[in-house]
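Source file: upload-v5.pdb. Holds: PDB, C-alpha atoms.
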MODEL        1
ATOM      1  CA  MET A   1      16.127 -22.392   4.494  1.00  0.00           C
ATOM      2  CA  LEU A   2      17.986 -23.480   1.365  1.00  0.00           C
ATOM      3  CA  SER A   3      15.169 -22.152  -0.833  1.00  0.00           C
ATOM      4  CA  GLU A   4      14.352 -18.468  -0.835  1.00  0.00           C
ATOM      5  CA  PRO A   5      10.949 -17.365   0.444  1.00  0.00           C
ATOM      6  CA  ARG A   6       8.343 -16.648  -2.220  1.00  0.00           C
ATOM      7  CA  SER A   7       7.898 -13.201  -0.714  1.00  0.00           C
ATOM      8  CA  GLY A   8      11.599 -12.596  -1.350  1.00  0.00           C
ATOM      9  CA  ARG A   9      11.299 -13.470  -5.026  1.00  0.00           C
ATOM     10  CA  LEU A  10       8.198 -11.292  -5.401  1.00  0.00           C
ATOM     11  CA  ALA A  11       9.822  -8.326  -3.671  1.00  0.00           C
ATOM     12  CA  ALA A  12      13.198  -8.609  -5.412  1.00  0.00           C
ATOM     13  CA  TRP A  13      11.911  -9.002  -8.958  1.00  0.00           C
ATOM     14  CA  GLY A  14       8.973  -6.707  -8.336  1.00  0.00           C
ATOM     15  CA  ASN A  15      11.418  -3.996  -7.269  1.00  0.00           C
ATOM     16  CA  ALA A  16      13.501  -4.608 -10.398  1.00  0.00           C
ATOM     17  CA  LEU A  17      10.364  -4.263 -12.510  1.00  0.00           C
ATOM     18  CA  LEU A  18       9.244  -1.081 -10.744  1.00  0.00           C
ATOM     19  CA  ALA A  19      12.704   0.387 -11.335  1.00  0.00           C
ATOM     20  CA  GLY A  20      12.492  -0.416 -15.059  1.00  0.00           C
ATOM     21  CA  LEU A  21      15.414  -2.859 -14.919  1.00  0.00           C
ATOM     22  CA  VAL A  22      13.565  -5.940 -16.213  1.00  0.00           C
ATOM     23  CA  PRO A  23      10.531  -6.438 -18.481  1.00  0.00           C
ATOM     24  CA  PRO A  24       7.241  -7.612 -16.922  1.00  0.00           C
ATOM     25  CA  ASP A  25       7.327 -11.140 -18.349  1.00  0.00           C
ATOM     26  CA  ASP A  26      10.881 -11.744 -17.110  1.00  0.00           C
ATOM     27  CA  ALA A  27       9.964 -10.510 -13.633  1.00  0.00           C
ATOM     28  CA  ALA A  28       6.862 -12.709 -13.484  1.00  0.00           C
ATOM     29  CA  SER A  29       8.808 -15.764 -14.680  1.00  0.00           C
ATOM     30  CA  ALA A  30      11.488 -15.257 -12.011  1.00  0.00           C
ATOM     31  CA  ILE A  31       8.872 -14.813  -9.285  1.00  0.00           C
ATOM     32  CA  VAL A  32       6.973 -17.968 -10.246  1.00  0.00           C
ATOM     33  CA  GLY A  33      10.176 -20.015 -10.370  1.00  0.00           C
ATOM     34  CA  GLU A  34       9.378 -23.713 -10.157  1.00  0.00           C
ATOM     35  CA  ASP A  35       5.740 -23.142  -9.149  1.00  0.00           C
ATOM     36  CA  ALA A  36       2.969 -23.795 -11.654  1.00  0.00           C
ATOM     37  CA  VAL A  37       1.302 -20.398 -11.520  1.00  0.00           C
ATOM     38  CA  HIS A  38       0.857 -17.323  -9.292  1.00  0.00           C
ATOM     39  CA  ARG A  39      -2.326 -15.274  -9.087  1.00  0.00           C
ATOM     40  CA  VAL A  40      -3.365 -12.263  -7.007  1.00  0.00           C
ATOM     41  CA  ARG A  41      -6.761 -12.064  -5.311  1.00  0.00           C
ATOM     42  CA  GLY A  42      -8.362  -8.953  -3.803  1.00  0.00           C
ATOM     43  CA  LEU A  43      -6.803  -6.236  -5.951  1.00  0.00           C
ATOM     44  CA  PRO A  44      -8.909  -3.065  -5.850  1.00  0.00           C
ATOM     45  CA  GLY A  45     -11.320  -3.060  -8.773  1.00  0.00           C
ATOM     46  CA  GLU A  46     -10.919  -6.779  -9.498  1.00  0.00           C
ATOM     47  CA  SER A  47     -13.628  -9.263  -8.482  1.00  0.00           C
ATOM     48  CA  ALA A  48     -11.588 -12.360  -9.383  1.00  0.00           C
ATOM     49  CA  PRO A  49      -7.947 -13.440  -9.136  1.00  0.00           C
ATOM     50  CA  VAL A  50      -5.681 -11.953 -11.800  1.00  0.00           C
ATOM     51  CA  GLY A  51      -2.354 -12.958 -13.283  1.00  0.00           C
ATOM     52  CA  LEU A  52       0.914 -11.850 -11.773  1.00  0.00           C
ATOM     53  CA  THR A  53       1.998  -9.597 -14.648  1.00  0.00           C
ATOM     54  CA  PHE A  54      -1.327  -7.764 -14.621  1.00  0.00           C
ATOM     55  CA  ALA A  55      -1.246  -7.482 -10.815  1.00  0.00           C
ATOM     56  CA  LEU A  56       2.217  -5.915 -10.762  1.00  0.00           C
ATOM     57  CA  GLY A  57       1.106  -3.366 -13.345  1.00  0.00           C
ATOM     58  CA  ARG A  58      -2.028  -2.570 -11.383  1.00  0.00           C
ATOM     59  CA  LEU A  59      -0.055  -2.103  -8.161  1.00  0.00           C
ATOM     60  CA  ARG A  60       2.154   0.393  -9.970  1.00  0.00           C
ATOM     61  CA  THR A  61      -0.888   2.399 -11.111  1.00  0.00           C
ATOM     62  CA  LEU A  62      -2.184   2.332  -7.520  1.00  0.00           C
ATOM     63  CA  GLY A  63       0.962   4.151  -6.404  1.00  0.00           C
ATOM     64  CA  VAL A  64       3.242   1.297  -5.326  1.00  0.00           C
ATOM     65  CA  THR A  65       6.890   2.322  -5.749  1.00  0.00           C
ATOM     66  CA  GLY A  66       8.623  -0.523  -3.903  1.00  0.00           C
ATOM     67  CA  LEU A  67       8.130  -3.845  -2.163  1.00  0.00           C
ATOM     68  CA  ARG A  68       9.369  -4.975   1.243  1.00  0.00           C
ATOM     69  CA  ILE A  69       9.097  -8.422   2.818  1.00  0.00           C
ATOM     70  CA  ALA A  70       8.123  -9.651   6.260  1.00  0.00           C
ATOM     71  CA  LEU A  71       9.207 -12.991   7.759  1.00  0.00           C
ATOM     72  CA  PRO A  72       7.282 -13.124  11.047  1.00  0.00           C
ATOM     73  CA  ALA A  73       7.361 -15.898  13.628  1.00  0.00           C
ATOM     74  CA  PRO A  74       5.431 -16.346  16.899  1.00  0.00           C
ATOM     75  CA  GLY A  75       6.452 -13.519  19.222  1.00  0.00           C
ATOM     76  CA  HIS A  76       8.460 -11.806  16.483  1.00  0.00           C
ATOM     77  CA  PRO A  77       6.411  -9.712  13.986  1.00  0.00           C
ATOM     78  CA  LEU A  78       9.465  -9.107  11.800  1.00  0.00           C
ATOM     79  CA  GLY A  79       8.731  -6.652   9.006  1.00  0.00           C
ATOM     80  CA  LEU A  80       5.054  -6.146   9.849  1.00  0.00           C
ATOM     81  CA  SER A  81       3.256  -2.891  10.646  1.00  0.00           C
ATOM     82  CA  GLY A  82      -0.384  -3.993  11.058  1.00  0.00           C
ATOM     83  CA  PRO A  83      -3.313  -4.062  11.140  1.00  0.00           C
ATOM     84  CA  PRO A  84      -3.982  -7.225  13.202  1.00  0.00           C
ATOM     85  CA  GLU A  85      -5.850  -9.019  10.380  1.00  0.00           C
ATOM     86  CA  PHE A  86      -2.927  -8.691   7.993  1.00  0.00           C
ATOM     87  CA  ASN A  87      -0.402  -9.582  10.684  1.00  0.00           C
ATOM     88  CA  ALA A  88      -2.351 -12.728  11.578  1.00  0.00           C
ATOM     89  CA  ARG A  89      -2.456 -13.953   7.983  1.00  0.00           C
ATOM     90  CA  ALA A  90       1.215 -13.151   7.487  1.00  0.00           C
ATOM     91  CA  LEU A  91       2.130 -14.999  10.670  1.00  0.00           C
ATOM     92  CA  GLU A  92       0.185 -18.056   9.520  1.00  0.00           C
ATOM     93  CA  ALA A  93       1.981 -18.001   6.168  1.00  0.00           C
ATOM     94  CA  GLU A  94       5.311 -17.095   7.863  1.00  0.00           C
ATOM     95  CA  GLU A  95       5.900 -14.466   5.175  1.00  0.00           C
ATOM     96  CA  ALA A  96       4.355 -11.512   3.375  1.00  0.00           C
ATOM     97  CA  VAL A  97       5.100  -8.633   1.023  1.00  0.00           C
ATOM     98  CA  VAL A  98       4.338  -5.075   2.132  1.00  0.00           C
ATOM     99  CA  CYS A  99       3.955  -2.391  -0.526  1.00  0.00           C
ATOM    100  CA  HIS A 100       5.708   0.967  -0.295  1.00  0.00           C
ATOM    101  CA  GLY A 101       3.871   4.002  -1.675  1.00  0.00           C
ATOM    102  CA  ALA A 102       0.385   2.527  -1.223  1.00  0.00           C
ATOM    103  CA  ALA A 103      -1.133   0.796   1.799  1.00  0.00           C
ATOM    104  CA  PHE A 104      -1.383  -2.777   0.496  1.00  0.00           C
ATOM    105  CA  GLY A 105       0.154  -6.069   1.493  1.00  0.00           C
ATOM    106  CA  LEU A 106       0.310  -9.502  -0.134  1.00  0.00           C
ATOM    107  CA  VAL A 107       0.168 -12.833   1.693  1.00  0.00           C
ATOM    108  CA  PRO A 108       0.710 -16.127  -0.171  1.00  0.00           C
ATOM    109  CA  GLU A 109      -1.554 -19.154   0.074  1.00  0.00           C
ATOM    110  CA  LEU A 110      -0.277 -22.401  -1.451  1.00  0.00           C
ATOM    111  CA  TYR A 111      -2.267 -25.129  -3.201  1.00  0.00           C
ATOM    112  CA  GLU A 112      -0.690 -28.450  -4.144  1.00  0.00           C
ATOM    113  CA  ALA A 113      -2.003 -30.856  -6.773  1.00  0.00           C
ATOM    114  CA  GLY A 114      -0.799 -33.939  -8.624  1.00  0.00           C
ATOM    115  CA  PRO A 115       0.408 -37.441  -7.734  1.00  0.00           C
ATOM    116  CA  GLY A 116       3.388 -38.146  -5.529  1.00  0.00           C
ATOM    117  CA  GLY A 117       6.620 -37.282  -7.262  1.00  0.00           C
ATOM    118  CA  ASP A 118       4.829 -34.927  -9.664  1.00  0.00           C
ATOM    119  CA  VAL A 119       3.266 -32.372  -7.344  1.00  0.00           C
ATOM    120  CA  HIS A 120       2.862 -28.839  -8.663  1.00  0.00           C
ATOM    121  CA  VAL A 121       2.245 -25.764  -6.568  1.00  0.00           C
ATOM    122  CA  GLU A 122      -0.149 -22.944  -7.328  1.00  0.00           C
ATOM    123  CA  VAL A 123       0.141 -19.729  -5.313  1.00  0.00           C
ATOM    124  CA  VAL A 124      -2.604 -17.205  -4.624  1.00  0.00           C
ATOM    125  CA  TRP A 125      -1.439 -13.885  -3.191  1.00  0.00           C
ATOM    126  CA  HIS A 126      -4.134 -12.217  -1.079  1.00  0.00           C
ATOM    127  CA  CYS A 127      -4.041  -8.428  -1.372  1.00  0.00           C
ATOM    128  CA  LEU A 128      -5.055  -6.781   1.901  1.00  0.00           C
ATOM    129  CA  PRO A 129      -4.882  -3.294   3.429  1.00  0.00           C
ATOM    130  CA  VAL A 130      -1.900  -2.558   5.670  1.00  0.00           C
ATOM    131  CA  ARG A 131      -1.028   0.192   8.099  1.00  0.00           C
ATOM    132  CA  GLU A 132       1.431   2.772   6.821  1.00  0.00           C
ATOM    133  CA  ALA A 133       4.088   2.632   9.525  1.00  0.00           C
ATOM    134  CA  PRO A 134       7.748   1.609   9.828  1.00  0.00           C
ATOM    135  CA  PRO A 135       8.174  -2.200   9.673  1.00  0.00           C
ATOM    136  CA  ALA A 136       8.967  -3.963  12.942  1.00  0.00           C
ATOM    137  CA  ASP A 137      12.524  -4.912  13.931  1.00  0.00           C
ATOM    138  CA  VAL A 138      14.244  -4.623  10.536  1.00  0.00           C
ATOM    139  CA  PRO A 139      17.993  -3.891  10.827  1.00  0.00           C
ATOM    140  CA  SER A 140      20.185  -2.051   8.362  1.00  0.00           C
ATOM    141  CA  LEU A 141      22.404  -4.104   6.063  1.00  0.00           C
ATOM    142  CA  GLY A 142      25.453  -3.226   8.168  1.00  0.00           C
ATOM    143  CA  GLU A 143      23.754  -4.271  11.394  1.00  0.00           C
ATOM    144  CA  ALA A 144      22.514  -7.493   9.796  1.00  0.00           C
ATOM    145  CA  GLU A 145      25.979  -8.403   8.552  1.00  0.00           C
ATOM    146  CA  ARG A 146      27.577  -7.888  11.962  1.00  0.00           C
ATOM    147  CA  GLU A 147      24.801  -9.797  13.749  1.00  0.00           C
ATOM    148  CA  LEU A 148      25.088 -12.728  11.342  1.00  0.00           C
ATOM    149  CA  ALA A 149      28.836 -13.081  11.743  1.00  0.00           C
ATOM    150  CA  GLU A 150      28.545 -13.076  15.541  1.00  0.00           C
ATOM    151  CA  ALA A 151      25.560 -15.446  15.620  1.00  0.00           C
ATOM    152  CA  LEU A 152      27.247 -17.875  13.245  1.00  0.00           C
ATOM    153  CA  ARG A 153      30.376 -18.044  15.406  1.00  0.00           C
ATOM    154  CA  GLU A 154      28.428 -18.573  18.615  1.00  0.00           C
ATOM    155  CA  ALA A 155      26.037 -21.170  17.184  1.00  0.00           C
ATOM    156  CA  THR A 156      28.807 -23.136  15.466  1.00  0.00           C
ATOM    157  CA  GLU A 157      30.760 -23.277  18.711  1.00  0.00           C
ATOM    158  CA  VAL A 158      27.810 -24.582  20.737  1.00  0.00           C
ATOM    159  CA  LEU A 159      26.547 -27.008  18.108  1.00  0.00           C
ATOM    160  CA  SER A 160      30.000 -28.416  17.458  1.00  0.00           C
ATOM    161  CA  ARG A 161      30.435 -29.032  21.164  1.00  0.00           C
ATOM    162  CA  LEU A 162      27.135 -30.931  21.186  1.00  0.00           C
ATOM    163  CA  ASP A 163      28.160 -32.915  18.070  1.00  0.00           C
ATOM    164  CA  VAL A 164      25.162 -31.950  15.923  1.00  0.00           C
ATOM    165  CA  ALA A 165      26.429 -29.447  13.381  1.00  0.00           C
ATOM    166  CA  GLY A 166      28.346 -31.277  10.689  1.00  0.00           C
ATOM    167  CA  SER A 167      28.060 -35.050  10.614  1.00  0.00           C
ATOM    168  CA  GLY A 168      25.794 -37.680   9.146  1.00  0.00           C
ATOM    169  CA  PRO A 169      24.261 -38.217   5.701  1.00  0.00           C
ATOM    170  CA  VAL A 170      21.600 -35.502   6.121  1.00  0.00           C
ATOM    171  CA  ALA A 171      24.223 -32.880   6.861  1.00  0.00           C
ATOM    172  CA  GLU A 172      26.431 -34.011   3.977  1.00  0.00           C
ATOM    173  CA  ALA A 173      23.522 -33.986   1.514  1.00  0.00           C
ATOM    174  CA  ALA A 174      22.427 -30.502   2.586  1.00  0.00           C
ATOM    175  CA  ILE A 175      25.946 -29.110   2.289  1.00  0.00           C
ATOM    176  CA  ASP A 176      26.453 -30.751  -1.130  1.00  0.00           C
ATOM    177  CA  ALA A 177      23.170 -29.258  -2.362  1.00  0.00           C
ATOM    178  CA  TYR A 178      24.176 -25.800  -1.175  1.00  0.00           C
ATOM    179  CA  ARG A 179      27.584 -26.038  -2.843  1.00  0.00           C
ATOM    180  CA  ALA A 180      26.024 -27.241  -6.106  1.00  0.00           C
ATOM    181  CA  ARG A 181      23.667 -24.279  -6.193  1.00  0.00           C
ATOM    182  CA  ALA A 182      26.488 -21.864  -5.415  1.00  0.00           C
ATOM    183  CA  GLU A 183      28.655 -23.338  -8.194  1.00  0.00           C
ATOM    184  CA  GLN A 184      25.845 -22.857 -10.713  1.00  0.00           C
ATOM    185  CA  GLY A 185      26.231 -19.117 -10.206  1.00  0.00           C
ATOM    186  CA  ARG A 186      22.564 -18.655  -9.350  1.00  0.00           C
ATOM    187  CA  GLU A 187      21.285 -15.099  -9.209  1.00  0.00           C
ATOM    188  CA  VAL A 188      20.850 -14.402  -5.512  1.00  0.00           C
ATOM    189  CA  LEU A 189      18.944 -11.134  -5.974  1.00  0.00           C
ATOM    190  CA  ALA A 190      17.351  -9.325  -8.885  1.00  0.00           C
ATOM    191  CA  PRO A 191      19.074  -6.492 -10.805  1.00  0.00           C
ATOM    192  CA  GLY A 192      19.360  -3.232  -8.907  1.00  0.00           C
ATOM    193  CA  TYR A 193      20.417  -4.608  -5.535  1.00  0.00           C
ATOM    194  CA  PRO A 194      23.737  -3.463  -4.018  1.00  0.00           C
ATOM    195  CA  PRO A 195      26.567  -6.017  -3.653  1.00  0.00           C
ATOM    196  CA  ARG A 196      26.335  -5.792   0.132  1.00  0.00           C
ATOM    197  CA  ALA A 197      22.719  -6.996   0.012  1.00  0.00           C
ATOM    198  CA  VAL A 198      23.801 -10.014  -2.027  1.00  0.00           C
ATOM    199  CA  ARG A 199      26.577 -10.739   0.477  1.00  0.00           C
ATOM    200  CA  VAL A 200      24.227 -10.449   3.461  1.00  0.00           C
ATOM    201  CA  LEU A 201      21.603 -12.681   1.867  1.00  0.00           C
ATOM    202  CA  GLU A 202      24.167 -15.348   0.960  1.00  0.00           C
ATOM    203  CA  LEU A 203      25.482 -15.362   4.531  1.00  0.00           C
ATOM    204  CA  ALA A 204      21.925 -15.555   5.905  1.00  0.00           C
ATOM    205  CA  GLN A 205      21.293 -18.564   3.665  1.00  0.00           C
ATOM    206  CA  ARG A 206      24.432 -20.273   4.950  1.00  0.00           C
ATOM    207  CA  VAL A 207      23.279 -19.635   8.505  1.00  0.00           C
ATOM    208  CA  GLY A 208      19.905 -21.077   7.531  1.00  0.00           C
ATOM    209  CA  LEU A 209      21.693 -24.169   6.237  1.00  0.00           C
ATOM    210  CA  LEU A 210      23.362 -24.642   9.602  1.00  0.00           C
ATOM    211  CA  ILE A 211      20.000 -24.415  11.357  1.00  0.00           C
ATOM    212  CA  SER A 212      18.391 -26.895   8.942  1.00  0.00           C
ATOM    213  CA  VAL A 213      21.207 -29.391   9.376  1.00  0.00           C
ATOM    214  CA  ALA A 214      21.031 -29.122  13.149  1.00  0.00           C
ATOM    215  CA  TYR A 215      17.277 -29.742  13.207  1.00  0.00           C
ATOM    216  CA  GLU A 216      17.261 -32.489  10.585  1.00  0.00           C
ATOM    217  CA  ASN A 217      20.020 -34.391  12.350  1.00  0.00           C
ATOM    218  CA  GLY A 218      17.637 -35.213  15.184  1.00  0.00           C
ATOM    219  CA  HIS A 219      19.181 -35.104  18.622  1.00  0.00           C
ATOM    220  CA  GLY A 220      22.705 -35.788  17.361  1.00  0.00           C
ATOM    221  CA  GLY A 221      25.102 -35.911  20.263  1.00  0.00           C
ATOM    222  CA  ALA A 222      22.802 -33.901  22.514  1.00  0.00           C
ATOM    223  CA  VAL A 223      21.713 -36.890  24.551  1.00  0.00           C
ATOM    224  CA  SER A 224      20.834 -35.229  27.849  1.00  0.00           C
ATOM    225  CA  ALA A 225      17.934 -32.874  28.496  1.00  0.00           C
ATOM    226  CA  SER A 226      20.326 -30.083  29.389  1.00  0.00           C
ATOM    227  CA  GLU A 227      22.324 -30.556  26.178  1.00  0.00           C
ATOM    228  CA  MET A 228      19.149 -30.585  24.082  1.00  0.00           C
ATOM    229  CA  ALA A 229      18.024 -27.404  25.794  1.00  0.00           C
ATOM    230  CA  ALA A 230      21.421 -25.823  25.117  1.00  0.00           C
ATOM    231  CA  ARG A 231      21.140 -26.692  21.444  1.00  0.00           C
ATOM    232  CA  ALA A 232      17.640 -25.202  21.192  1.00  0.00           C
ATOM    233  CA  GLN A 233      18.824 -22.104  23.019  1.00  0.00           C
ATOM    234  CA  ALA A 234      21.682 -21.734  20.527  1.00  0.00           C
ATOM    235  CA  LEU A 235      19.426 -22.176  17.509  1.00  0.00           C
ATOM    236  CA  ARG A 236      16.641 -19.759  18.457  1.00  0.00           C
ATOM    237  CA  PRO A 237      18.656 -16.521  18.353  1.00  0.00           C
ATOM    238  CA  VAL A 238      20.614 -17.519  15.248  1.00  0.00           C
ATOM    239  CA  GLU A 239      17.401 -18.394  13.398  1.00  0.00           C
ATOM    240  CA  ARG A 240      15.967 -15.020  14.400  1.00  0.00           C
ATOM    241  CA  THR A 241      19.138 -13.270  13.240  1.00  0.00           C
ATOM    242  CA  SER A 242      19.019 -15.099   9.905  1.00  0.00           C
ATOM    243  CA  ARG A 243      15.434 -13.995   9.291  1.00  0.00           C
ATOM    244  CA  ARG A 244      16.282 -10.380  10.215  1.00  0.00           C
ATOM    245  CA  ALA A 245      19.183 -10.414   7.773  1.00  0.00           C
ATOM    246  CA  GLN A 246      17.082 -11.819   4.943  1.00  0.00           C
ATOM    247  CA  VAL A 247      14.504  -9.081   5.445  1.00  0.00           C
ATOM    248  CA  ALA A 248      17.238  -6.435   5.536  1.00  0.00           C
ATOM    249  CA  ALA A 249      18.704  -7.720   2.263  1.00  0.00           C
ATOM    250  CA  TYR A 250      15.424  -7.927   0.349  1.00  0.00           C
ATOM    251  CA  ASN A 251      14.252  -4.546   1.671  1.00  0.00           C
ATOM    252  CA  SER A 252      17.536  -2.729   1.076  1.00  0.00           C
ATOM    253  CA  VAL A 253      16.534  -1.212  -2.281  1.00  0.00           C
ATOM    254  CA  VAL A 254      13.473   0.475  -0.755  1.00  0.00           C
ATOM    255  CA  GLU A 255      15.384   1.558   2.349  1.00  0.00           C
ATOM    256  CA  GLN A 256      18.166   3.147   0.299  1.00  0.00           C
ATOM    257  CA  ARG A 257      15.635   4.953  -1.870  1.00  0.00           C
ATOM    258  CA  GLU A 258      14.094   6.519   1.245  1.00  0.00           C
ATOM    259  CA  ILE A 259      17.480   7.766   2.460  1.00  0.00           C
ATOM    260  CA  ARG A 260      18.281   9.572  -0.799  1.00  0.00           C
TER     261      ARG A 260
ENDMDL
END
What would the structure in this file look like if it were written as structure tokens?
Amino acid sequence: MLSEPRSGRLAAWGNALLAGLVPPDDAASAIVGEDAVHRVRGLPGESAPVGLTFALGRLRTLGVTGLRIALPAPGHPLGLSGPPEFNARALEAEEAVVCHGAAFGLVPELYEAGPGGDVHVEVVWHCLPVREAPPADVPSLGEAERELAEALREATEVLSRLDVAGSGPVAEAAIDAYRARAEQGREVLAPGYPPRAVRVLELAQRVGLLISVAYENGHGGAVSASEMAARAQALRPVERTSRRAQVAAYNSVVEQREIR
């Protein structure tokens, strides 16, 4: 979870563009990031995939005023509102963007090409109809922040007791990478997001780091079946909480606009 979801980049910078805070080319460049190219397939009136800048402009003309994200997992349709076809594709991709103001959603499909060590990624966003309904299980920023703090304390306590949370070269490398990115002053969210959203997303990413380290460390000190089960039980709710918080942070601009 050290890298942000592509749906997060699309929603954050798409929202900044829709609010007139960044020019189209800057938004598209930030969304693409280190990928080779992003295209959008299935836009109304378009028979072939189109470029990202054109697609964002077309979505605006179709009535889209904001973008939310969904980060679903099996048994947890986080951020989704249907219909079943869209939910199924989003669940397979483990992420999606849901438009506000017009009933469309975008699900990414990744294509990799190139030799080992020089692989580039192309992304096709499939535009599909969605149901206009409140997204599932998305907390407010305040709720997400409180849940994260509690989940982080509980998970750290259990994982430390099982000797899997902070030792070994994998853990050290992951922590060093996170610190390096933080020191570079990377832009966590696009312009227009409130400071609390940035804080919540940063904390969710740190929680995600803990989960990644715990999984990548193998069994660690959890040598018995009961200890392994305890570790898995500790990780499941904290991973769910981290995903809920990420969705709350990325969606906060749209949610605040609805309250006003």
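The space separating atom CA of A:Ala113 from atom CA of A:Ala36 comes to 9.9 Å.
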>> Which residues are near A:Cys99? Cut-off 6 Å, all atoms listed in the file, ignore same chain within fewer than 3 positions. Put them as a ChimeraX atom specification.
In response: /A:67,104-105
> Counting all atoms listed in the file, what is within 8 Å of A:Asp137, bar same-chain residues fewer than 2 positions away, as a VMD selection string?
Replying inline: chain A and resid 77 to 79 135 139 244
> Do you know which residues the PyMOL selection byres ((chain A and resi 148) around 9) returns on this file, as a PyMOL selection string?
Replying inline: chain A and resi 143-147+149-153+200+203-204+207+238+241-242+245
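Across the model, the gap from atom CA of A:Leu62 to atom CA of A:Val138 is 25.4 Å.
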>> Residue by residue, what does the PyMOL selection byres ((chain A and resi 96) around 7) grab here? Present the result as a VMD selection string.
In response: chain A and resid 7 69 to 71 90 95 97 to 98 106 to 108
Only C-alpha atoms, please: the residues just picked out, written as a PDB file, in the coordinates of the input.
ATOM      1  CA  SER A   7       7.898 -13.201  -0.714  1.00  0.00           C
ATOM      2  CA  ILE A  69       9.097  -8.422   2.818  1.00  0.00           C
ATOM      3  CA  ALA A  70       8.123  -9.651   6.260  1.00  0.00           C
ATOM      4  CA  LEU A  71       9.207 -12.991   7.759  1.00  0.00           C
ATOM      5  CA  ALA A  90       1.215 -13.151   7.487  1.00  0.00           C
ATOM      6  CA  GLU A  95       5.900 -14.466   5.175  1.00  0.00           C
ATOM      7  CA  VAL A  97       5.100  -8.633   1.023  1.00  0.00           C
ATOM      8  CA  VAL A  98       4.338  -5.075   2.132  1.00  0.00           C
ATOM      9  CA  LEU A 106       0.310  -9.502  -0.134  1.00  0.00           C
ATOM     10  CA  VAL A 107       0.168 -12.833   1.693  1.00  0.00           C
ATOM     11  CA  PRO A 108       0.710 -16.127  -0.171  1.00  0.00           C
TER      12      PRO A 108
END
>> So that I can check the surroundings of A:Gly8, please list as a VMD selection string every protein, DNA and RNA residue that reaches within 7 Å of it, counting all atoms listed in the file and ignoring chain neighbours fewer than 3 positions away.
In response: chain A and resid 4 to 5 11 to 12 69 250
Can you pull out the residues contacting stretch 47-61 of chain A? Cut-off 12 Å, using all atoms listed in the file, and skip same-chain residues under 5 positions away; I want them as an mmCIF file with C-alpha atoms, keeping the file's coordinate frame.
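part33.cif, freshly written:
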data_model
loop_
_atom_site.group_PDB
_atom_site.id
_atom_site.type_symbol
_atom_site.label_atom_id
_atom_site.label_comp_id
_atom_site.auth_asym_id
_atom_site.auth_seq_id
_atom_site.Cartn_x
_atom_site.Cartn_y
_atom_site.Cartn_z
ATOM 1 C CA LEU A 10 8.198 -11.292 -5.401
ATOM 2 C CA ALA A 11 9.822 -8.326 -3.671
ATOM 3 C CA TRP A 13 11.911 -9.002 -8.958
ATOM 4 C CA GLY A 14 8.973 -6.707 -8.336
ATOM 5 C CA ASN A 15 11.418 -3.996 -7.269
ATOM 6 C CA ALA A 16 13.501 -4.608 -10.398
ATOM 7 C CA LEU A 17 10.364 -4.263 -12.510
ATOM 8 C CA LEU A 18 9.244 -1.081 -10.744
ATOM 9 C CA ALA A 19 12.704 0.387 -11.335
ATOM 10 C CA GLY A 20 12.492 -0.416 -15.059
ATOM 11 C CA PRO A 23 10.531 -6.438 -18.481
ATOM 12 C CA PRO A 24 7.241 -7.612 -16.922
ATOM 13 C CA ASP A 25 7.327 -11.140 -18.349
ATOM 14 C CA ASP A 26 10.881 -11.744 -17.110
ATOM 15 C CA ALA A 27 9.964 -10.510 -13.633
ATOM 16 C CA ALA A 28 6.862 -12.709 -13.484
ATOM 17 C CA SER A 29 8.808 -15.764 -14.680
ATOM 18 C CA ALA A 30 11.488 -15.257 -12.011
ATOM 19 C CA ILE A 31 8.872 -14.813 -9.285
ATOM 20 C CA VAL A 32 6.973 -17.968 -10.246
ATOM 21 C CA VAL A 37 1.302 -20.398 -11.520
ATOM 22 C CA HIS A 38 0.857 -17.323 -9.292
ATOM 23 C CA ARG A 39 -2.326 -15.274 -9.087
ATOM 24 C CA VAL A 40 -3.365 -12.263 -7.007
ATOM 25 C CA ARG A 41 -6.761 -12.064 -5.311
ATOM 26 C CA GLY A 42 -8.362 -8.953 -3.803
ATOM 27 C CA GLY A 66 8.623 -0.523 -3.903
ATOM 28 C CA LEU A 67 8.130 -3.845 -2.163
ATOM 29 C CA VAL A 98 4.338 -5.075 2.132
ATOM 30 C CA CYS A 99 3.955 -2.391 -0.526
ATOM 31 C CA HIS A 100 5.708 0.967 -0.295
ATOM 32 C CA GLY A 101 3.871 4.002 -1.675
ATOM 33 C CA ALA A 102 0.385 2.527 -1.223
ATOM 34 C CA ALA A 103 -1.133 0.796 1.799
ATOM 35 C CA PHE A 104 -1.383 -2.777 0.496
ATOM 36 C CA GLY A 105 0.154 -6.069 1.493
ATOM 37 C CA LEU A 106 0.310 -9.502 -0.134
ATOM 38 C CA GLU A 122 -0.149 -22.944 -7.328
ATOM 39 C CA VAL A 123 0.141 -19.729 -5.313
ATOM 40 C CA VAL A 124 -2.604 -17.205 -4.624
ATOM 41 C CA TRP A 125 -1.439 -13.885 -3.191
ATOM 42 C CA HIS A 126 -4.134 -12.217 -1.079
ATOM 43 C CA CYS A 127 -4.041 -8.428 -1.372
#
>> Just checking: using all atoms listed in the file, which residue out of A:Gly114, A:Pro72, A:Pro83, A:Gly208 ends up closest to A:Val247?
In response: A:Pro72
